[in-house]
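Only one structure is covered here, and it is reproduced in the block below.
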Amino acid sequence: MADDYRRHDFELERRIFEIDNKCSCLRAEKQDDDYLQNASAILEKLKGFYRHGGESLNFSKLLQDYTQVFLHSTIHYSATKEFLVILDITFYEENQLVDQEFPEDSSPFKIQQLLQDLTEPEVLVARLAPGQEVQCVLGTELLECLYWRRGALLYMYCHTLHQRKQWIKKNKDTFIKCIQEGVRYLMRMLQVRNTVKLSDGVVLHDSGASILSEGIFSDTHLLTMMYIGEMCFWAVKYEDCSADPTDHKDDGLQFRDIGTQILNKYVNACEGPLQGQGWNTENAKEILSILQ
């Protein structure tokens with residue numbers, strides 16, 4: 001067991017220094033980026049942590065600086081900090097893609113690289129904490145964030161591709177696969193937390209209790225629903241235009257049903273408990289009129 005921990009700790013240390021090199025290269029491009037500066041600061045603390053053999057005098061202070069840190073082992077401490085670094089660096093890289101409007105030649109490779117980076121925390125948990133649930137190790141909010149970031153990245157990519165009609169004519173299968181993957185990530189994000197179950201006979205006077213019972217825990221959950229609805233609409237639109245009616249029917253996703261269910265929940269929440277809080281339902285209703 002001790003040998004396993006030392007081996008995993010060495011692998012994690014090596015990975016931290018690899019990420020540090022990547023962060024340094026990115027900072028050479030843009031020194032004043034807040035996310036890269038934050039990532040660099042965390043990496044410096046992590047490297048210092050290893051230089052002191054995991055026994056830094058500031059260990060307690062470092063733990064207090066970050067909410068998602070595990071007290072019982074050096075590996076958990078280091079891994080969680082690395083996850084925060086990954087979120088900062090990948091966010092910077094995603095913004096670069098968006099600013100460049102997803103270049104046709106380089107975007108597919110870059111997106112797969114980002115998806116792999118954002119999957120790494122789950123992979124590391126499986127290796128460093130075998131037998132434990134990923135959600136128990138990472139925490140609910142961090143796991144939701146990882147699913148959200150992957151799904152939102154694919155949504156933004158598909159949103160850009162959706163405007164390239166000629167490209168889609170030649171690459172429709174690729175477009176549909178990106179939608180499938182994005183919808184799956186966003187659905188997983190919505191499924192991380194269990195809905196709040198209310199006792200039979202309870203009368204809902206509190207709008208907060210009502211939306212919690214629908215599994216809506218934040219603005220991000222609402223935005224996720226809208227993203228899913230739009231992506232399902234794009235998929236249905238191009239599936240309906242397919243020359244082969246059997247295309248994409250065996251992928252396990254029923255886009256029309258998923259989009260209808262999610263957008264109905266979105267509209268009910270925005271026009272019910274959340275009415276007057278700035279959420280627009282016009283686009284959702286327009287999509288529903290087509291999907292239903």
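We label chains A, B, ... in the order they appear in the structure tokens, count residues from 1 in each chain, and number ligands from 1 in the order shown.
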
Taking 4 positions as the minimum chain separation for residues in the same chain, which residues sit within 12 Å of region 287-291 of chain A when counting only C-alpha atoms? Answer as a PyMOL selection string.
chain A and resi 226-237+240+254-267+281-283

Go ahead and write the residues just picked, N, CA and C atoms, as a PDB file, in the first residue's frame.
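Output file again29.pdb is given in full below:
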```pdb
ATOM      1  N   MET A 226     -31.312  25.129 -21.241  1.00  0.00           N
ATOM      2  CA  MET A 226     -31.474  25.844 -22.504  1.00  0.00           C
ATOM      3  C   MET A 226     -30.472  25.349 -23.534  1.00  0.00           C
ATOM      4  N   TYR A 227     -29.243  25.108 -23.103  1.00  0.00           N
ATOM      5  CA  TYR A 227     -28.223  24.575 -24.014  1.00  0.00           C
ATOM      6  C   TYR A 227     -28.649  23.217 -24.571  1.00  0.00           C
ATOM      7  N   ILE A 228     -29.147  22.351 -23.692  1.00  0.00           N
ATOM      8  CA  ILE A 228     -29.587  21.026 -24.139  1.00  0.00           C
ATOM      9  C   ILE A 228     -30.711  21.161 -25.158  1.00  0.00           C
ATOM     10  N   GLY A 229     -31.668  22.040 -24.869  1.00  0.00           N
ATOM     11  CA  GLY A 229     -32.789  22.233 -25.781  1.00  0.00           C
ATOM     12  C   GLY A 229     -32.339  22.697 -27.157  1.00  0.00           C
ATOM     13  N   GLU A 230     -31.428  23.651 -27.187  1.00  0.00           N
ATOM     14  CA  GLU A 230     -30.929  24.148 -28.476  1.00  0.00           C
ATOM     15  C   GLU A 230     -30.185  23.064 -29.240  1.00  0.00           C
ATOM     16  N   MET A 231     -29.334  22.316 -28.541  1.00  0.00           N
ATOM     17  CA  MET A 231     -28.559  21.278 -29.221  1.00  0.00           C
ATOM     18  C   MET A 231     -29.464  20.174 -29.752  1.00  0.00           C
ATOM     19  N   CYS A 232     -30.492  19.833 -28.983  1.00  0.00           N
ATOM     20  CA  CYS A 232     -31.446  18.827 -29.462  1.00  0.00           C
ATOM     21  C   CYS A 232     -32.182  19.330 -30.703  1.00  0.00           C
ATOM     22  N   PHE A 233     -32.508  20.615 -30.720  1.00  0.00           N
ATOM     23  CA  PHE A 233     -33.169  21.205 -31.889  1.00  0.00           C
ATOM     24  C   PHE A 233     -32.274  21.116 -33.122  1.00  0.00           C
ATOM     25  N   TRP A 234     -30.981  21.446 -32.957  1.00  0.00           N
ATOM     26  CA  TRP A 234     -30.060  21.358 -34.093  1.00  0.00           C
ATOM     27  C   TRP A 234     -29.968  19.927 -34.599  1.00  0.00           C
ATOM     28  N   ALA A 235     -29.909  18.974 -33.669  1.00  0.00           N
ATOM     29  CA  ALA A 235     -29.796  17.570 -34.068  1.00  0.00           C
ATOM     30  C   ALA A 235     -31.035  17.118 -34.832  1.00  0.00           C
ATOM     31  N   VAL A 236     -32.220  17.460 -34.314  1.00  0.00           N
ATOM     32  CA  VAL A 236     -33.470  17.080 -34.984  1.00  0.00           C
ATOM     33  C   VAL A 236     -33.542  17.713 -36.367  1.00  0.00           C
ATOM     34  N   LYS A 237     -33.130  18.964 -36.455  1.00  0.00           N
ATOM     35  CA  LYS A 237     -33.176  19.687 -37.732  1.00  0.00           C
ATOM     36  C   LYS A 237     -32.369  18.967 -38.802  1.00  0.00           C
ATOM     37  N   ASP A 240     -33.676  15.285 -39.562  1.00  0.00           N
ATOM     38  CA  ASP A 240     -34.865  15.301 -40.415  1.00  0.00           C
ATOM     39  C   ASP A 240     -34.508  15.559 -41.874  1.00  0.00           C
ATOM     40  N   GLN A 254     -32.630  10.205 -27.836  1.00  0.00           N
ATOM     41  CA  GLN A 254     -33.836  10.627 -28.543  1.00  0.00           C
ATOM     42  C   GLN A 254     -33.928  12.149 -28.407  1.00  0.00           C
ATOM     43  N   PHE A 255     -33.338  12.842 -29.361  1.00  0.00           N
ATOM     44  CA  PHE A 255     -33.192  14.286 -29.232  1.00  0.00           C
ATOM     45  C   PHE A 255     -34.526  15.012 -29.098  1.00  0.00           C
ATOM     46  N   ARG A 256     -35.511  14.591 -29.860  1.00  0.00           N
ATOM     47  CA  ARG A 256     -36.803  15.274 -29.809  1.00  0.00           C
ATOM     48  C   ARG A 256     -37.424  15.145 -28.415  1.00  0.00           C
ATOM     49  N   ASP A 257     -37.384  13.941 -27.860  1.00  0.00           N
ATOM     50  CA  ASP A 257     -37.967  13.715 -26.534  1.00  0.00           C
ATOM     51  C   ASP A 257     -37.187  14.440 -25.442  1.00  0.00           C
ATOM     52  N   ILE A 258     -35.863  14.362 -25.517  1.00  0.00           N
ATOM     53  CA  ILE A 258     -35.028  15.011 -24.506  1.00  0.00           C
ATOM     54  C   ILE A 258     -35.231  16.524 -24.538  1.00  0.00           C
ATOM     55  N   GLY A 259     -35.187  17.097 -25.741  1.00  0.00           N
ATOM     56  CA  GLY A 259     -35.349  18.538 -25.872  1.00  0.00           C
ATOM     57  C   GLY A 259     -36.699  19.012 -25.373  1.00  0.00           C
ATOM     58  N   THR A 260     -37.750  18.272 -25.710  1.00  0.00           N
ATOM     59  CA  THR A 260     -39.097  18.644 -25.278  1.00  0.00           C
ATOM     60  C   THR A 260     -39.223  18.601 -23.757  1.00  0.00           C
ATOM     61  N   GLN A 261     -38.739  17.526 -23.154  1.00  0.00           N
ATOM     62  CA  GLN A 261     -38.840  17.375 -21.704  1.00  0.00           C
ATOM     63  C   GLN A 261     -38.064  18.468 -20.966  1.00  0.00           C
ATOM     64  N   ILE A 262     -36.834  18.702 -21.397  1.00  0.00           N
ATOM     65  CA  ILE A 262     -35.978  19.668 -20.707  1.00  0.00           C
ATOM     66  C   ILE A 262     -36.505  21.090 -20.875  1.00  0.00           C
ATOM     67  N   LEU A 263     -36.931  21.451 -22.087  1.00  0.00           N
ATOM     68  CA  LEU A 263     -37.394  22.820 -22.320  1.00  0.00           C
ATOM     69  C   LEU A 263     -38.733  23.092 -21.647  1.00  0.00           C
ATOM     70  N   ASN A 264     -39.591  22.089 -21.556  1.00  0.00           N
ATOM     71  CA  ASN A 264     -40.839  22.274 -20.805  1.00  0.00           C
ATOM     72  C   ASN A 264     -40.547  22.573 -19.338  1.00  0.00           C
ATOM     73  N   LYS A 265     -39.575  21.865 -18.787  1.00  0.00           N
ATOM     74  CA  LYS A 265     -39.189  22.116 -17.398  1.00  0.00           C
ATOM     75  C   LYS A 265     -38.597  23.517 -17.253  1.00  0.00           C
ATOM     76  N   TYR A 266     -37.803  23.915 -18.240  1.00  0.00           N
ATOM     77  CA  TYR A 266     -37.197  25.253 -18.233  1.00  0.00           C
ATOM     78  C   TYR A 266     -38.270  26.343 -18.269  1.00  0.00           C
ATOM     79  N   VAL A 267     -39.226  26.209 -19.190  1.00  0.00           N
ATOM     80  CA  VAL A 267     -40.288  27.212 -19.328  1.00  0.00           C
ATOM     81  C   VAL A 267     -41.139  27.270 -18.064  1.00  0.00           C
ATOM     82  N   THR A 281     -38.055  33.169 -22.186  1.00  0.00           N
ATOM     83  CA  THR A 281     -38.546  31.856 -22.628  1.00  0.00           C
ATOM     84  C   THR A 281     -38.966  31.844 -24.096  1.00  0.00           C
ATOM     85  N   GLU A 282     -38.794  32.956 -24.800  1.00  0.00           N
ATOM     86  CA  GLU A 282     -39.273  33.029 -26.183  1.00  0.00           C
ATOM     87  C   GLU A 282     -38.590  31.996 -27.077  1.00  0.00           C
ATOM     88  N   ASN A 283     -37.272  31.904 -26.996  1.00  0.00           N
ATOM     89  CA  ASN A 283     -36.547  30.948 -27.833  1.00  0.00           C
ATOM     90  C   ASN A 283     -36.925  29.517 -27.470  1.00  0.00           C
TER      91      ASN A 283
END
```

Using the chain letters and numbers from this document, which residues of region 109-200 of chain A does DSSP assign to alpha helix (DSSP H), as number ranges by chain?
A: 109-128, 134-138, 140-161, 165-170, 172-191

What does the file look like for those residues with C-alpha atoms, as a PDB file, in the first residue's frame?
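Final file, part-v2.pdb:
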```pdb
ATOM      1  CA  PHE A 109      -7.834  18.539 -32.192  1.00  0.00           C
ATOM      2  CA  LYS A 110      -7.841  21.342 -29.625  1.00  0.00           C
ATOM      3  CA  ILE A 111     -11.342  20.496 -28.413  1.00  0.00           C
ATOM      4  CA  GLN A 112     -10.474  16.830 -27.945  1.00  0.00           C
ATOM      5  CA  GLN A 113      -7.394  17.891 -26.002  1.00  0.00           C
ATOM      6  CA  LEU A 114      -9.482  20.133 -23.744  1.00  0.00           C
ATOM      7  CA  LEU A 115     -12.075  17.399 -23.198  1.00  0.00           C
ATOM      8  CA  GLN A 116      -9.278  15.021 -22.237  1.00  0.00           C
ATOM      9  CA  ASP A 117      -7.824  17.562 -19.798  1.00  0.00           C
ATOM     10  CA  LEU A 118     -11.239  18.104 -18.199  1.00  0.00           C
ATOM     11  CA  THR A 119     -11.701  14.334 -17.860  1.00  0.00           C
ATOM     12  CA  GLU A 120      -8.337  13.896 -16.136  1.00  0.00           C
ATOM     13  CA  PRO A 121      -9.623  14.606 -12.595  1.00  0.00           C
ATOM     14  CA  GLU A 122     -12.039  11.671 -12.817  1.00  0.00           C
ATOM     15  CA  VAL A 123      -9.275   9.443 -14.182  1.00  0.00           C
ATOM     16  CA  LEU A 124      -6.921  10.458 -11.381  1.00  0.00           C
ATOM     17  CA  VAL A 125      -9.564   9.803  -8.739  1.00  0.00           C
ATOM     18  CA  ALA A 126     -10.039   6.290 -10.089  1.00  0.00           C
ATOM     19  CA  ARG A 127      -6.286   5.714  -9.762  1.00  0.00           C
ATOM     20  CA  LEU A 128      -5.589   7.550  -6.508  1.00  0.00           C
ATOM     21  CA  VAL A 134     -15.860  10.125  -7.827  1.00  0.00           C
ATOM     22  CA  GLN A 135     -18.451  12.505  -6.386  1.00  0.00           C
ATOM     23  CA  CYS A 136     -17.384  11.706  -2.829  1.00  0.00           C
ATOM     24  CA  VAL A 137     -13.766  12.526  -3.624  1.00  0.00           C
ATOM     25  CA  LEU A 138     -14.193  15.561  -5.888  1.00  0.00           C
ATOM     26  CA  THR A 140     -20.609  17.821  -5.910  1.00  0.00           C
ATOM     27  CA  GLU A 141     -19.798  21.305  -7.184  1.00  0.00           C
ATOM     28  CA  LEU A 142     -16.466  20.361  -8.748  1.00  0.00           C
ATOM     29  CA  LEU A 143     -17.948  17.326 -10.489  1.00  0.00           C
ATOM     30  CA  GLU A 144     -20.829  19.440 -11.809  1.00  0.00           C
ATOM     31  CA  CYS A 145     -18.311  21.993 -13.041  1.00  0.00           C
ATOM     32  CA  LEU A 146     -16.327  19.363 -14.953  1.00  0.00           C
ATOM     33  CA  TYR A 147     -19.443  18.097 -16.748  1.00  0.00           C
ATOM     34  CA  TRP A 148     -20.669  21.646 -17.366  1.00  0.00           C
ATOM     35  CA  ARG A 149     -17.360  22.794 -18.809  1.00  0.00           C
ATOM     36  CA  ARG A 150     -17.190  19.894 -21.261  1.00  0.00           C
ATOM     37  CA  GLY A 151     -20.816  20.251 -22.313  1.00  0.00           C
ATOM     38  CA  ALA A 152     -20.646  24.042 -22.611  1.00  0.00           C
ATOM     39  CA  LEU A 153     -17.472  23.811 -24.706  1.00  0.00           C
ATOM     40  CA  LEU A 154     -19.206  21.503 -27.176  1.00  0.00           C
ATOM     41  CA  TYR A 155     -22.295  23.727 -27.143  1.00  0.00           C
ATOM     42  CA  MET A 156     -20.216  26.770 -28.100  1.00  0.00           C
ATOM     43  CA  TYR A 157     -18.446  24.769 -30.800  1.00  0.00           C
ATOM     44  CA  CYS A 158     -21.728  23.462 -32.226  1.00  0.00           C
ATOM     45  CA  HIS A 159     -23.245  26.956 -32.043  1.00  0.00           C
ATOM     46  CA  THR A 160     -20.420  28.183 -34.271  1.00  0.00           C
ATOM     47  CA  LEU A 161     -20.661  25.200 -36.620  1.00  0.00           C
ATOM     48  CA  LYS A 165     -24.060  25.709 -43.504  1.00  0.00           C
ATOM     49  CA  GLN A 166     -21.633  24.564 -46.181  1.00  0.00           C
ATOM     50  CA  TRP A 167     -19.397  22.894 -43.605  1.00  0.00           C
ATOM     51  CA  ILE A 168     -22.334  20.986 -42.116  1.00  0.00           C
ATOM     52  CA  LYS A 169     -23.376  19.698 -45.539  1.00  0.00           C
ATOM     53  CA  LYS A 170     -19.983  18.016 -45.830  1.00  0.00           C
ATOM     54  CA  LYS A 172     -23.035  16.378 -40.849  1.00  0.00           C
ATOM     55  CA  ASP A 173     -22.036  13.171 -39.054  1.00  0.00           C
ATOM     56  CA  THR A 174     -19.266  14.993 -37.197  1.00  0.00           C
ATOM     57  CA  PHE A 175     -21.695  17.750 -36.233  1.00  0.00           C
ATOM     58  CA  ILE A 176     -24.271  15.284 -34.880  1.00  0.00           C
ATOM     59  CA  LYS A 177     -21.599  13.411 -32.912  1.00  0.00           C
ATOM     60  CA  CYS A 178     -20.465  16.659 -31.277  1.00  0.00           C
ATOM     61  CA  ILE A 179     -24.069  17.375 -30.309  1.00  0.00           C
ATOM     62  CA  GLN A 180     -24.495  13.875 -28.891  1.00  0.00           C
ATOM     63  CA  GLU A 181     -21.399  14.193 -26.763  1.00  0.00           C
ATOM     64  CA  GLY A 182     -22.318  17.682 -25.579  1.00  0.00           C
ATOM     65  CA  VAL A 183     -25.863  16.703 -24.621  1.00  0.00           C
ATOM     66  CA  ARG A 184     -24.572  13.696 -22.688  1.00  0.00           C
ATOM     67  CA  TYR A 185     -22.171  15.838 -20.655  1.00  0.00           C
ATOM     68  CA  LEU A 186     -24.858  18.414 -19.889  1.00  0.00           C
ATOM     69  CA  MET A 187     -27.358  15.726 -18.914  1.00  0.00           C
ATOM     70  CA  ARG A 188     -24.755  14.251 -16.572  1.00  0.00           C
ATOM     71  CA  MET A 189     -24.310  17.696 -15.033  1.00  0.00           C
ATOM     72  CA  LEU A 190     -28.041  17.862 -14.265  1.00  0.00           C
ATOM     73  CA  GLN A 191     -27.932  14.374 -12.744  1.00  0.00           C
TER      74      GLN A 191
END
```

Restricting the calculation to only C-alpha atoms, which member of A:Gln163, A:Arg27, A:Lys47, A:Gly139 is positioned closest to Glu101 (chain A)?
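Selected residue with least distance to Glu101 (chain A): A:Gln163.
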
Could you check how far CA of Val85 (chain A) sits from CA of Tyr35 (chain A), in Å to one decimal?
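Separation of CA of Val85 (chain A) and CA of Tyr35 (chain A): 8.8 Å.
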
Grab the CA of Asp88 (chain A) to CA of Ala39 (chain A) distance for me, in Å with one decimal place.
5.9 Å

Would you list the contacts of Cys23 (chain A) as a list in words, taking every protein, DNA or RNA residue within 7 Å and counting only C-alpha atoms, but skipping same-chain residues closer than 2 positions in sequence?
Ile19, Asp20, Asn21, Cys25, Leu26, Arg27, Leu36, Ser40 and Ile89 of chain A

What does the distance from CA of Leu212 (chain A) to CA of Leu274 (chain A) come to in Å, to one decimal?
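That distance, rounded to one decimal, is 11.8 Å.
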